[in-house]
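I have placed the structure first, in the form of structure tokens, so that the comments after it can refer back to it.
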Amino acid sequence: MSNDLGPAAAPEEGTGGGWYVDARCTNCDVARQLAPDVIREQDGRAEVIRQPRNEAEQQQLYAAAFACHTRSIRHPAHRLTPDLDPFPLALDDTVHLCGHNSPHTAGANAYLLRRSNGSTMMIDTPRWSDELASRYEALGPVTDVLLTHRDHAAHGRRYADRFGARLWIHEGDLDAAPDADHVIGGTDPVEIGAGVTAYPLSGHTRGSVLYLADGRYCFSGDSFYWSRTTSDLEVAASVTWYSITELAASLARTAPRLRFEWVLPGHGDRKRLPTEEMTRRLEQLTARTRTLQPQPIDFTAVRW
């Protein structure tokens with residue numbers, strides 16, 4: 001698969017020939033995370049609210065375009081060629097955002113975690129291509145592909161084989177990656193490698209897991225995320241496939257063990273706060289989640 005997205009489709013009415021979001025948008029929030037100055041939510045979907053005013057805003061739009069899982073962020077005059085691709089995008093000196101979100105993971109974010117020995121780990125999976133694998137591998141040899149749960153397992157085996165890496169998943173979601181190399185069992189923490197621990201967190205799915213690295217980074221999958229709407233940690237109660245009651249129990253069991261600065265979810269926004277502040281907010285989230293009751297699946301109710 002080429003990373004050249006080709007010529008854009010004709011702009012929708014009213015765009016004036018500039019950047020726009022086409023009708024395939026699923027309101028996954030990724031574009032707003034990457035281009036917050038120029039893309040907002042309107043009528044249940046992402047919309048370009050104005051054209052970029054400077055180079056920084058233009059770069060935001062390129063990042064959003066290369067990340068969008070439906071390739072909905074377009075410009076009629078621009079070809080999105082590999083030289084414009086910002087991914088993998090450094091969040092700090094240890095974690096990179098993969099971009100190129102996959103339609104087979106509902107557009108979830110994936111990450112690369114750099115280790116002190118020069119190797120990396122991939123957490124969840126971007127869309128597959130050999131060219132992208134080469135980009136990611138350029139940061140350092142990838143030793144492990146860590147799946148947080150079944151919804152993000154697509155491409156896991158393919159990336160692991162390409163990298164010669166070990167593929168990890170929890171036994172509760174094993175049918176989504178039956179050929180995994182390492183299967184996490186039960187509810188006890190499991191050491192993945194130096195400084196990296198898996199914490200089973202059943203709830204969003206039966207086999208959901210979060211990965212904690214270096215006492216700083218929490219790769220939370222879809223168990224919880226940072227909401228810009230509430231300016232707080234939240235669970236996606238309206239998109240809990242297994243059990244919100246089980247998620248509450250998992251948080252009560254696990255939250256006291258967790259210390260981190262960064263929350264890095266699959267869906268929802270990322271956030272860095274001082275460890276003490278993040279701990280306080282996680283305690284409050286745990287208490288709030290205990291009060292939640294099961295509800296029908298409703299993607300429109302998620303508070304991004």
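Identifiers in the structure tokens: chain A, B, ... in order shown; residue index from 1 per chain; ligand index from 1 in order shown.
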Exercise for review: Mind checking which residues fall within 6 Å of region 46-56 of chain A, counting only C-alpha atoms, ignoring those fewer than 6 positions away in the same chain, and posting them as a PyMOL selection string?
Suggested key: chain A and resi 20-21+27+38-40
**Study point:** region 226-233 of chain A environment, 8 Å, only C-alpha atoms, sequence neighbours closer than 6 positions dropped, as a list in words
**Key:**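 Neighbouring residues, sequence-local ones excluded: Val263, Pro265, Gly268, Asp269, Arg270, Lys271, Arg281, Leu282, Leu285, Arg303 and Trp304 of chain A.
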Export of prior selection with N, CA and C atoms as an mmCIF file, in the first residue's frame:
data_model
loop_
_atom_site.group_PDB
_atom_site.id
_atom_site.type_symbol
_atom_site.label_atom_id
_atom_site.label_comp_id
_atom_site.auth_asym_id
_atom_site.auth_seq_id
_atom_site.Cartn_x
_atom_site.Cartn_y
_atom_site.Cartn_z
ATOM 1 N N VAL A 263 -1.751 9.643 30.219
ATOM 2 C CA VAL A 263 -2.758 8.678 29.814
ATOM 3 C C VAL A 263 -2.780 8.694 28.281
ATOM 4 N N PRO A 265 -4.707 6.714 25.476
ATOM 5 C CA PRO A 265 -5.775 5.765 25.146
ATOM 6 C C PRO A 265 -5.820 5.418 23.661
ATOM 7 N N GLY A 268 -10.288 8.609 22.379
ATOM 8 C CA GLY A 268 -10.261 9.711 23.318
ATOM 9 C C GLY A 268 -8.901 10.366 23.324
ATOM 10 N N ASP A 269 -8.798 11.478 24.019
ATOM 11 C CA ASP A 269 -7.587 12.285 23.922
ATOM 12 C C ASP A 269 -6.518 11.816 24.905
ATOM 13 N N ARG A 270 -5.298 12.266 24.624
ATOM 14 C CA ARG A 270 -4.147 12.046 25.494
ATOM 15 C C ARG A 270 -4.005 13.217 26.454
ATOM 16 N N LYS A 271 -3.338 12.966 27.583
ATOM 17 C CA LYS A 271 -3.121 14.041 28.538
ATOM 18 C C LYS A 271 -1.928 13.714 29.418
ATOM 19 N N ARG A 281 -7.220 12.035 40.112
ATOM 20 C CA ARG A 281 -8.305 11.939 39.126
ATOM 21 C C ARG A 281 -8.695 10.475 38.854
ATOM 22 N N LEU A 282 -7.715 9.585 38.880
ATOM 23 C CA LEU A 282 -8.028 8.177 38.683
ATOM 24 C C LEU A 282 -8.834 7.638 39.858
ATOM 25 N N LEU A 285 -12.317 8.860 39.265
ATOM 26 C CA LEU A 285 -12.943 8.097 38.178
ATOM 27 C C LEU A 285 -13.400 6.732 38.680
ATOM 28 N N ARG A 303 -18.418 11.379 25.442
ATOM 29 C CA ARG A 303 -18.055 12.782 25.673
ATOM 30 C C ARG A 303 -16.570 12.974 25.321
ATOM 31 N N TRP A 304 -16.322 13.304 24.067
ATOM 32 C CA TRP A 304 -14.936 13.510 23.649
ATOM 33 C C TRP A 304 -14.359 14.727 24.330
#
Check your understanding: In Å, how far is it from CA of Thr245 (chain A) to CA of Trp168 (chain A)?
Key -> 25.3 Å
Review point. Suppose you want the space between CA of Leu97 (chain A) and CA of Leu112 (chain A); what is it in Å?
Key: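 Separating CA of Leu97 (chain A) from CA of Leu112 (chain A) is a distance of 6.4 Å.
Nearest-residue note for Leu212 (chain A): choosing from A:Asp173, A:Glu261, A:Asp181, A:Asp298, the minimum distance belongs to A:Glu261, counting only C-alpha atoms.
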Exercise for review: Mind checking which residues fall within 9 Å of Tyr136 (chain A), counting only C-alpha atoms, ignoring those fewer than 2 positions away in the same chain, and posting them as a VMD selection string?
Suggested key: chain A and resid 87 to 88 98 112 122 131 to 134 138 to 142
Check your understanding: Would you give me, as a PyMOL selection string, the residues in region 123-252 of chain A that DSSP reads as strand (DSSP E)?
Key -> chain A and resi 123+142-146+166-170+182-184+190-193+196-200+209-213+217-221+225-227+232-234
Point to revise | Contacts of Ile169 (chain A) within 12 Å, only C-alpha atoms, excl. fewer than 3 positions in-chain, as number ranges by chain | key: A: 123-124, 144-154, 156-157, 166, 172-186, 190, 192, 198-200, 206-211
Practice item. Pick out the residues sitting within 10 Å of Val302 (chain A), and hand them over as number ranges by chain; count only C-alpha atoms, and ignore anything fewer than 6 positions along from it in its own chain. Key: A: 28, 227, 229, 234-239, 268
Check your understanding: Where in region 72-183 of chain A does DSSP assign alpha helix (DSSP H), given as a PyMOL selection string?
Key -> chain A and resi 130-137+156-163
Point to revise | Among listed residues A:Trp19, A:Trp128, A:Phe219, A:Tyr159, nearest Arg79 (chain A) (using only C-alpha atoms) | key: A:Trp19
Exercise for review: Give me, please, the distance in Å between CA of Gly17 (chain A) and CA of Asn101 (chain A), quoted to one decimal.
Suggested key: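 Taking CA of Gly17 (chain A) as the start and CA of Asn101 (chain A) as the end point, the length is 25.7 Å.
Residues within 9 Å of Ala63 (chain A), counting only C-alpha atoms and excluding same-chain residues fewer than 6 positions away, are Ala31, Leu34, Ala35, Leu84, Asp85, Pro86, Phe87, Leu89 and Gly99 of chain A.
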